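Asks: Following this line is entry13.pdb, made up of PDB, C-alpha atoms:
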ATOM      1  CA  MET A   6       0.000   0.000   0.000
ATOM      2  CA  ARG A   7       2.839   2.384   0.866
ATOM      3  CA  ASN A   8       4.465   1.825  -2.558
ATOM      4  CA  GLN A   9       1.119   2.493  -4.236
ATOM      5  CA  ILE A  10       0.737   5.726  -2.303
ATOM      6  CA  LEU A  11       4.285   6.852  -3.142
ATOM      7  CA  LEU A  12       3.770   6.071  -6.824
ATOM      8  CA  THR A  13       0.465   7.925  -6.822
ATOM      9  CA  ALA A  14       2.160  10.909  -5.181
ATOM     10  CA  THR A  15       4.910  10.869  -7.820
ATOM     11  CA  VAL A  16       2.375  10.834 -10.671
ATOM     12  CA  ILE A  17       0.460  13.725  -9.128
ATOM     13  CA  ILE A  18       3.518  15.860  -8.386
ATOM     14  CA  THR A  19       4.674  15.417 -11.983
ATOM     15  CA  SER A  20       1.198  16.383 -13.166
ATOM     16  CA  LEU A  21       1.167  19.525 -11.061
ATOM     17  CA  LEU A  22       4.539  20.593 -12.427
ATOM     18  CA  ILE A  23       3.396  20.133 -16.003
ATOM     19  CA  PHE A  24       0.117  21.972 -15.491
ATOM     20  CA  THR A  25       1.650  24.892 -13.710
ATOM     21  CA  SER A  26       4.004  25.320 -16.641
ATOM     22  CA  CYS A  27       1.194  25.204 -19.240
ATOM     23  CA  GLY A  28       0.599  28.612 -20.721
ATOM     24  CA  SER A  29      -2.604  30.015 -22.082
ATOM     25  CA  ASN A  30      -3.337  29.841 -25.787
ATOM     26  CA  GLN A  31      -6.244  29.833 -28.198
ATOM     27  CA  GLU A  32      -7.188  26.270 -27.387
ATOM     28  CA  ASP A  33      -7.690  27.302 -23.747
ATOM     29  CA  ALA A  34     -10.798  29.188 -24.797
ATOM     30  CA  LYS A  35     -12.240  26.307 -26.838
ATOM     31  CA  VAL A  36     -15.427  25.017 -25.254
ATOM     32  CA  THR A  37     -16.218  21.320 -25.529
ATOM     33  CA  ASP A  38     -19.567  19.566 -25.902
ATOM     34  CA  SER A  39     -19.597  19.284 -22.121
ATOM     35  CA  GLY A  40     -19.416  23.069 -21.883
ATOM     36  CA  LEU A  41     -16.011  23.047 -20.208
ATOM     37  CA  SER A  42     -13.018  24.812 -21.711
ATOM     38  CA  LEU A  43      -9.508  23.401 -21.707
ATOM     39  CA  GLU A  44      -8.610  25.789 -18.920
ATOM     40  CA  ILE A  45     -11.468  24.529 -16.744
ATOM     41  CA  ARG A  46     -10.609  20.887 -17.495
ATOM     42  CA  LEU A  47      -7.005  21.530 -16.429
ATOM     43  CA  GLU A  48      -8.220  23.228 -13.245
ATOM     44  CA  ARG A  49     -10.441  20.247 -12.470
ATOM     45  CA  ILE A  50      -7.498  17.906 -12.951
ATOM     46  CA  SER A  51      -5.307  20.061 -10.744
ATOM     47  CA  ASP A  52      -8.006  20.129  -8.058
ATOM     48  CA  ALA A  53      -8.421  16.339  -8.225
ATOM     49  CA  GLU A  54      -4.646  15.845  -8.022
ATOM     50  CA  ASN A  55      -4.515  18.153  -5.019
ATOM     51  CA  ARG A  56      -7.295  16.190  -3.295
ATOM     52  CA  VAL A  57      -5.402  12.929  -3.811
ATOM     53  CA  MET A  58      -2.155  14.500  -2.582
ATOM     54  CA  ASN A  59      -3.935  15.877   0.476
ATOM     55  CA  ILE A  60      -5.215  12.414   1.378
ATOM     56  CA  ILE A  61      -1.782  10.851   0.802
ATOM     57  CA  GLN A  62      -0.081  13.450   2.991
ATOM     58  CA  ASN A  63      -2.664  13.679   5.761
ATOM     59  CA  ASN A  64      -4.559  10.399   5.921
ATOM     60  CA  PRO A  65      -3.298   7.746   3.478
ATOM     61  CA  THR A  66      -5.558   5.059   4.947
ATOM     62  CA  SER A  67      -8.678   7.181   4.466
ATOM     63  CA  ALA A  68     -11.760   5.533   3.018
ATOM     64  CA  ASP A  69     -11.813   8.483   0.607
ATOM     65  CA  TYR A  70      -8.524   7.450  -1.028
ATOM     66  CA  LEU A  71      -9.843   5.051  -3.690
ATOM     67  CA  PRO A  72     -12.920   7.093  -4.667
ATOM     68  CA  THR A  73     -10.736  10.194  -4.941
ATOM     69  CA  VAL A  74      -8.169   8.385  -7.099
ATOM     70  CA  ARG A  75     -10.964   7.026  -9.287
ATOM     71  CA  SER A  76     -12.286  10.563  -9.653
ATOM     72  CA  LEU A  77      -8.844  11.730 -10.787
ATOM     73  CA  ILE A  78      -8.649   8.876 -13.301
ATOM     74  CA  GLU A  79     -12.020   9.982 -14.685
ATOM     75  CA  GLU A  80     -10.805  13.587 -14.984
ATOM     76  CA  TYR A  81      -7.811  12.372 -17.019
ATOM     77  CA  ARG A  82     -10.100  10.292 -19.241
ATOM     78  CA  GLN A  83     -12.528  13.174 -19.746
ATOM     79  CA  PHE A  84      -9.659  15.445 -20.750
ATOM     80  CA  VAL A  85      -8.611  12.978 -23.457
ATOM     81  CA  HIS A  86     -12.208  12.497 -24.566
ATOM     82  CA  PHE A  87     -12.764  16.208 -25.146
ATOM     83  CA  PHE A  88      -9.216  17.133 -26.210
ATOM     84  CA  PRO A  89      -7.873  14.039 -28.017
ATOM     85  CA  ASP A  90      -5.434  16.076 -30.125
ATOM     86  CA  HIS A  91      -3.986  18.076 -27.231
ATOM     87  CA  PRO A  92      -0.251  17.383 -26.744
ATOM     88  CA  GLU A  93      -0.907  16.336 -23.119
ATOM     89  CA  SER A  94      -3.534  13.709 -24.015
ATOM     90  CA  PRO A  95      -1.100  10.764 -24.233
ATOM     91  CA  GLU A  96       0.323  11.738 -20.842
ATOM     92  CA  MET A  97      -3.167  12.016 -19.345
ATOM     93  CA  LEU A  98      -4.007   8.497 -20.488
ATOM     94  CA  PHE A  99      -0.652   7.257 -19.249
ATOM     95  CA  ARG A 100      -1.307   8.709 -15.794
ATOM     96  CA  ALA A 101      -4.752   7.128 -15.778
ATOM     97  CA  GLY A 102      -3.226   3.756 -16.672
ATOM     98  CA  ASN A 103      -0.599   4.037 -13.962
ATOM     99  CA  LEU A 104      -3.200   4.911 -11.351
ATOM    100  CA  GLN A 105      -5.466   2.094 -12.531
ATOM    101  CA  ALA A 106      -2.606  -0.370 -12.051
ATOM    102  CA  ASP A 107      -0.748   0.973  -9.041
ATOM    103  CA  ALA A 108      -3.363   2.736  -6.935
ATOM    104  CA  VAL A 109      -6.585   0.897  -7.770
ATOM    105  CA  ASN A 110      -5.202  -2.533  -8.802
ATOM    106  CA  ASP A 111      -7.420  -2.625 -11.908
ATOM    107  CA  PHE A 112      -4.711  -4.351 -13.913
ATOM    108  CA  GLU A 113      -6.777  -5.438 -16.918
ATOM    109  CA  ILE A 114      -8.227  -1.931 -17.258
ATOM    110  CA  ALA A 115      -4.714  -0.473 -17.001
ATOM    111  CA  ILE A 116      -3.527  -2.779 -19.779
ATOM    112  CA  GLY A 117      -6.476  -1.624 -21.888
ATOM    113  CA  THR A 118      -5.503   1.991 -21.265
ATOM    114  CA  PHE A 119      -1.880   1.303 -22.198
ATOM    115  CA  ASN A 120      -3.018  -0.446 -25.386
ATOM    116  CA  ARG A 121      -5.190   2.562 -26.215
ATOM    117  CA  ILE A 122      -2.143   4.826 -25.943
ATOM    118  CA  ILE A 123      -0.200   2.569 -28.310
ATOM    119  CA  ARG A 124      -3.109   2.521 -30.764
ATOM    120  CA  GLU A 125      -4.072   6.215 -30.658
ATOM    121  CA  TYR A 126      -0.698   7.842 -29.958
ATOM    122  CA  PRO A 127       1.829   5.390 -31.472
ATOM    123  CA  GLU A 128       4.602   7.957 -31.893
ATOM    124  CA  SER A 129       4.416   9.288 -28.332
ATOM    125  CA  ASP A 130       6.931   8.533 -25.610
ATOM    126  CA  GLN A 131       3.987   7.218 -23.602
ATOM    127  CA  ALA A 132       3.408   4.504 -26.242
ATOM    128  CA  ARG A 133       6.913   3.178 -25.649
ATOM    129  CA  ARG A 134       6.490   3.243 -21.880
ATOM    130  CA  SER A 135       3.024   1.713 -22.201
ATOM    131  CA  GLN A 136       4.357  -1.230 -24.180
ATOM    132  CA  PHE A 137       6.884  -1.844 -21.412
ATOM    133  CA  LEU A 138       4.240  -1.550 -18.683
ATOM    134  CA  ILE A 139       1.936  -4.001 -20.427
ATOM    135  CA  GLY A 140       4.654  -6.623 -20.149
ATOM    136  CA  TYR A 141       5.447  -5.620 -16.590
ATOM    137  CA  THR A 142       1.795  -5.712 -15.512
ATOM    138  CA  TYR A 143       1.217  -9.124 -17.055
ATOM    139  CA  SER A 144       4.385 -10.478 -15.465
ATOM    140  CA  GLU A 145       4.464  -8.894 -12.028
ATOM    141  CA  HIS A 146       0.798  -8.348 -11.207
ATOM    142  CA  LEU A 147      -1.135 -10.958 -13.177
ATOM    143  CA  GLU A 148       1.592 -13.631 -13.457
ATOM    144  CA  ASP A 149       0.464 -14.240 -17.035
ATOM    145  CA  PHE A 150       3.932 -14.990 -18.337
ATOM    146  CA  GLU A 151       2.846 -15.896 -21.864
ATOM    147  CA  SER A 152       1.165 -12.508 -22.353
ATOM    148  CA  ALA A 153       4.085 -10.786 -20.622
ATOM    149  CA  ARG A 154       6.565 -12.487 -22.934
ATOM    150  CA  SER A 155       4.546 -11.441 -25.977
ATOM    151  CA  ALA A 156       4.350  -7.820 -24.793
ATOM    152  CA  TYR A 157       8.057  -7.678 -23.974
ATOM    153  CA  GLU A 158       8.997  -9.214 -27.330
ATOM    154  CA  ARG A 159       6.813  -6.597 -29.054
ATOM    155  CA  PHE A 160       8.686  -3.941 -27.082
ATOM    156  CA  LEU A 161      12.050  -5.263 -28.301
ATOM    157  CA  GLU A 162      10.798  -5.416 -31.899
ATOM    158  CA  LYS A 163       9.588  -1.812 -31.810
ATOM    159  CA  TYR A 164      12.273  -0.281 -29.585
ATOM    160  CA  PRO A 165      15.437  -2.421 -29.834
ATOM    161  CA  ASP A 166      17.759   0.463 -28.929
ATOM    162  CA  ASP A 167      15.654   1.831 -26.084
ATOM    163  CA  GLU A 168      17.185   2.348 -22.652
ATOM    164  CA  LEU A 169      14.691  -0.204 -21.271
ATOM    165  CA  ALA A 170      15.686  -2.919 -23.770
ATOM    166  CA  GLU A 171      18.321  -4.416 -21.457
ATOM    167  CA  ALA A 172      15.822  -4.549 -18.578
ATOM    168  CA  VAL A 173      13.287  -6.224 -20.871
ATOM    169  CA  GLU A 174      15.858  -8.828 -21.946
ATOM    170  CA  THR A 175      16.663  -9.529 -18.295
ATOM    171  CA  GLU A 176      12.977  -9.786 -17.463
ATOM    172  CA  LEU A 177      12.472 -12.242 -20.322
ATOM    173  CA  ARG A 178      15.439 -14.300 -19.153
ATOM    174  CA  PHE A 179      14.245 -14.667 -15.553
ATOM    175  CA  MET A 180      10.473 -14.358 -15.905
ATOM    176  CA  GLY A 181       8.549 -16.912 -13.890
ATOM    177  CA  LYS A 182      11.647 -18.358 -12.261
ATOM    178  CA  SER A 183      12.088 -18.695  -8.540
ATOM    179  CA  LEU A 184      14.858 -16.844  -6.732
ATOM    180  CA  GLU A 185      16.620 -20.194  -6.355
ATOM    181  CA  GLU A 186      16.530 -20.824 -10.098
ATOM    182  CA  ILE A 187      17.802 -17.323 -10.845
ATOM    183  CA  MET A 188      20.648 -17.688  -8.330
ATOM    184  CA  GLN A 189      21.594 -21.049  -9.846
ATOM    185  CA  GLU A 190      21.513 -19.659 -13.396
ATOM    186  CA  LEU A 191      23.760 -16.781 -12.321
ATOM    187  CA  GLY A 192      26.113 -19.160 -10.521
ATOM    188  CA  LEU A 193      25.399 -17.558  -7.148
ATOM    189  CA  GLU A 194      24.235 -20.668  -5.304
TER     190      GLU A 194
END
Could you spell out this file's structure in structure tokens?
Replies:
Amino acid sequence: MRNQILLTATVIITSLLIFTSCGSNQEDAKVTDSGLSLEIRLERISDAENRVMNIIQNNPTSADYLPTVRSLIEEYRQFVHFFPDHPESPEMLFRAGNLQADAVNDFEIAIGTFNRIIREYPESDQARRSQFLIGYTYSEHLEDFESARSAYERFLEKYPDDELAEAVETELRFMGKSLEEIMQELGLE
């Protein structure tokens, strides 16, 4: 639980830094079908992030934690729904996916979100990270090693020179093995 809270805090702090650096432009004034402008959507996200941070800092075991995180996830999703072409949309989905996996433990939904990023924003940095996290989620959370292997192999096909490639190769090498088996394979018995 503590790791989930720390990860959630990291995602939110990063979000706050990005939003405070966002300037105003013409798109800020654009009003969506929901009647909310970009500026208002960003304020709602900032408010939701602040509520989650407040709970993490003041009462991390609060019964309000999960509903508040789910509310933040929905704000991210609504942003992408109404502003799919905004440069921050891939990041918003990525944050939603991370929270779905790490704060809410909705692993299948997180994988779906990561796949959506890959499908809708294939050239984004978040697509690369999403492909990695699909493998990681299958391996570490769901223990579905066949799906993890497939996702990791797809990562290596698409991003062979990526900084995460070595970690993926190591993960593939030791996936599903016990600590004993890994120690034996490394000659550290």
Asks: How far is it from atom CA of A:Glu93 to atom CA of A:Ala108, in Å with one decimal?
Replies: 21.3 Å
Asks: Which residues fall under the PyMOL selection byres ((chain A and resi 114) around 12) in this file, as a PyMOL selection string?
Replies: chain A and resi 78+98+101-107+109-113+115-121+139+142-143
Asks: Can you spit out the residues from that selection as a compact mmCIF listing (two decimals), in the frame of the given file, using C-alpha atoms?
Replies:
# COMPACT_ATOMS: atom_id res chain seq x y z
CA ILE A 78 -8.65 8.88 -13.30
CA LEU A 98 -4.01 8.50 -20.49
CA ALA A 101 -4.75 7.13 -15.78
CA GLY A 102 -3.23 3.76 -16.67
CA ASN A 103 -0.60 4.04 -13.96
CA LEU A 104 -3.20 4.91 -11.35
CA GLN A 105 -5.47 2.09 -12.53
CA ALA A 106 -2.61 -0.37 -12.05
CA ASP A 107 -0.75 0.97 -9.04
CA VAL A 109 -6.58 0.90 -7.77
CA ASN A 110 -5.20 -2.53 -8.80
CA ASP A 111 -7.42 -2.62 -11.91
CA PHE A 112 -4.71 -4.35 -13.91
CA GLU A 113 -6.78 -5.44 -16.92
CA ALA A 115 -4.71 -0.47 -17.00
CA ILE A 116 -3.53 -2.78 -19.78
CA GLY A 117 -6.48 -1.62 -21.89
CA THR A 118 -5.50 1.99 -21.26
CA PHE A 119 -1.88 1.30 -22.20
CA ASN A 120 -3.02 -0.45 -25.39
CA ARG A 121 -5.19 2.56 -26.22
CA ILE A 139 1.94 -4.00 -20.43
CA THR A 142 1.80 -5.71 -15.51
CA TYR A 143 1.22 -9.12 -17.06
Asks: Of the candidates A:Gly181, A:Ala68, A:Gln131, A:His86, which shows the shortest atom-to-atom distance to A:Asp149, using all atoms listed in the file?
Replies: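 Using all atoms listed in the file, A:Asp149 sits closest to A:Gly181.
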Asks: Mind checking which residues fall within 12 Å of A:Arg133, counting all atoms listed in the file, ignoring those fewer than 4 positions away in the same chain, and posting them as a PyMOL selection string?
Replies: chain A and resi 95-96+99+119-120+122-124+126-129+137-140+156-157+159-170
Asks: As an exercise, work out the distance from atom CA of A:Ala53 to atom CA of A:Glu80 in Å and give it to one decimal place.
Replies: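 Separation between atom CA of A:Ala53 and atom CA of A:Glu80: 7.7 Å.
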Asks: What does the distance from atom CA of A:Arg56 to atom CA of A:Arg82 come to in Å, to one decimal?
Replies: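 Rounded to one decimal, the two atoms are 17.2 Å apart.
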Asks: Point out the residue among A:Glu174, A:Asp90, A:Glu54, A:Glu158 with the least atom-to-atom distance to A:Val74, counting all atoms listed in the file.
Replies: A:Glu54
Asks: Take stretch 63-79 of chain A, model N, CA and C atoms, and hand the result over as a compact mmCIF listing (two decimals), in the coordinates of the input.
Replies:
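Saved to out_0.txt:
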# COMPACT_ATOMS: atom_id res chain seq x y z
N ASN A 63 -2.03 13.51 4.46
CA ASN A 63 -2.66 13.68 5.76
C ASN A 63 -3.35 12.44 6.31
N ASN A 64 -3.83 11.57 5.45
CA ASN A 64 -4.56 10.40 5.92
C ASN A 64 -4.56 9.32 4.84
N PRO A 65 -3.41 8.69 4.60
CA PRO A 65 -3.30 7.75 3.48
C PRO A 65 -4.18 6.50 3.61
N THR A 66 -4.68 6.22 4.79
CA THR A 66 -5.56 5.06 4.95
C THR A 66 -7.03 5.45 4.91
N SER A 67 -7.31 6.67 4.52
CA SER A 67 -8.68 7.18 4.47
C SER A 67 -9.54 6.36 3.51
N ALA A 68 -10.79 6.20 3.89
CA ALA A 68 -11.76 5.53 3.02
C ALA A 68 -12.01 6.35 1.75
N ASP A 69 -11.63 7.62 1.78
CA ASP A 69 -11.81 8.48 0.61
C ASP A 69 -10.72 8.30 -0.45
N TYR A 70 -9.67 7.58 -0.11
CA TYR A 70 -8.52 7.45 -1.03
C TYR A 70 -8.94 6.88 -2.39
N LEU A 71 -9.51 5.68 -2.41
CA LEU A 71 -9.84 5.05 -3.69
C LEU A 71 -10.89 5.83 -4.48
N PRO A 72 -11.97 6.30 -3.87
CA PRO A 72 -12.92 7.09 -4.67
C PRO A 72 -12.29 8.37 -5.23
N THR A 73 -11.39 8.97 -4.48
CA THR A 73 -10.74 10.19 -4.94
C THR A 73 -9.78 9.90 -6.09
N VAL A 74 -9.05 8.79 -6.00
CA VAL A 74 -8.17 8.38 -7.10
C VAL A 74 -9.00 8.05 -8.33
N ARG A 75 -10.10 7.36 -8.14
CA ARG A 75 -10.96 7.03 -9.29
C ARG A 75 -11.51 8.30 -9.94
N SER A 76 -11.81 9.28 -9.13
CA SER A 76 -12.29 10.56 -9.65
C SER A 76 -11.19 11.23 -10.49
N LEU A 77 -9.97 11.17 -10.04
CA LEU A 77 -8.84 11.73 -10.79
C LEU A 77 -8.67 10.98 -12.11
N ILE A 78 -8.75 9.67 -12.07
CA ILE A 78 -8.65 8.88 -13.30
C ILE A 78 -9.72 9.33 -14.30
N GLU A 79 -10.93 9.54 -13.81
CA GLU A 79 -12.02 9.98 -14.68
C GLU A 79 -11.74 11.37 -15.25
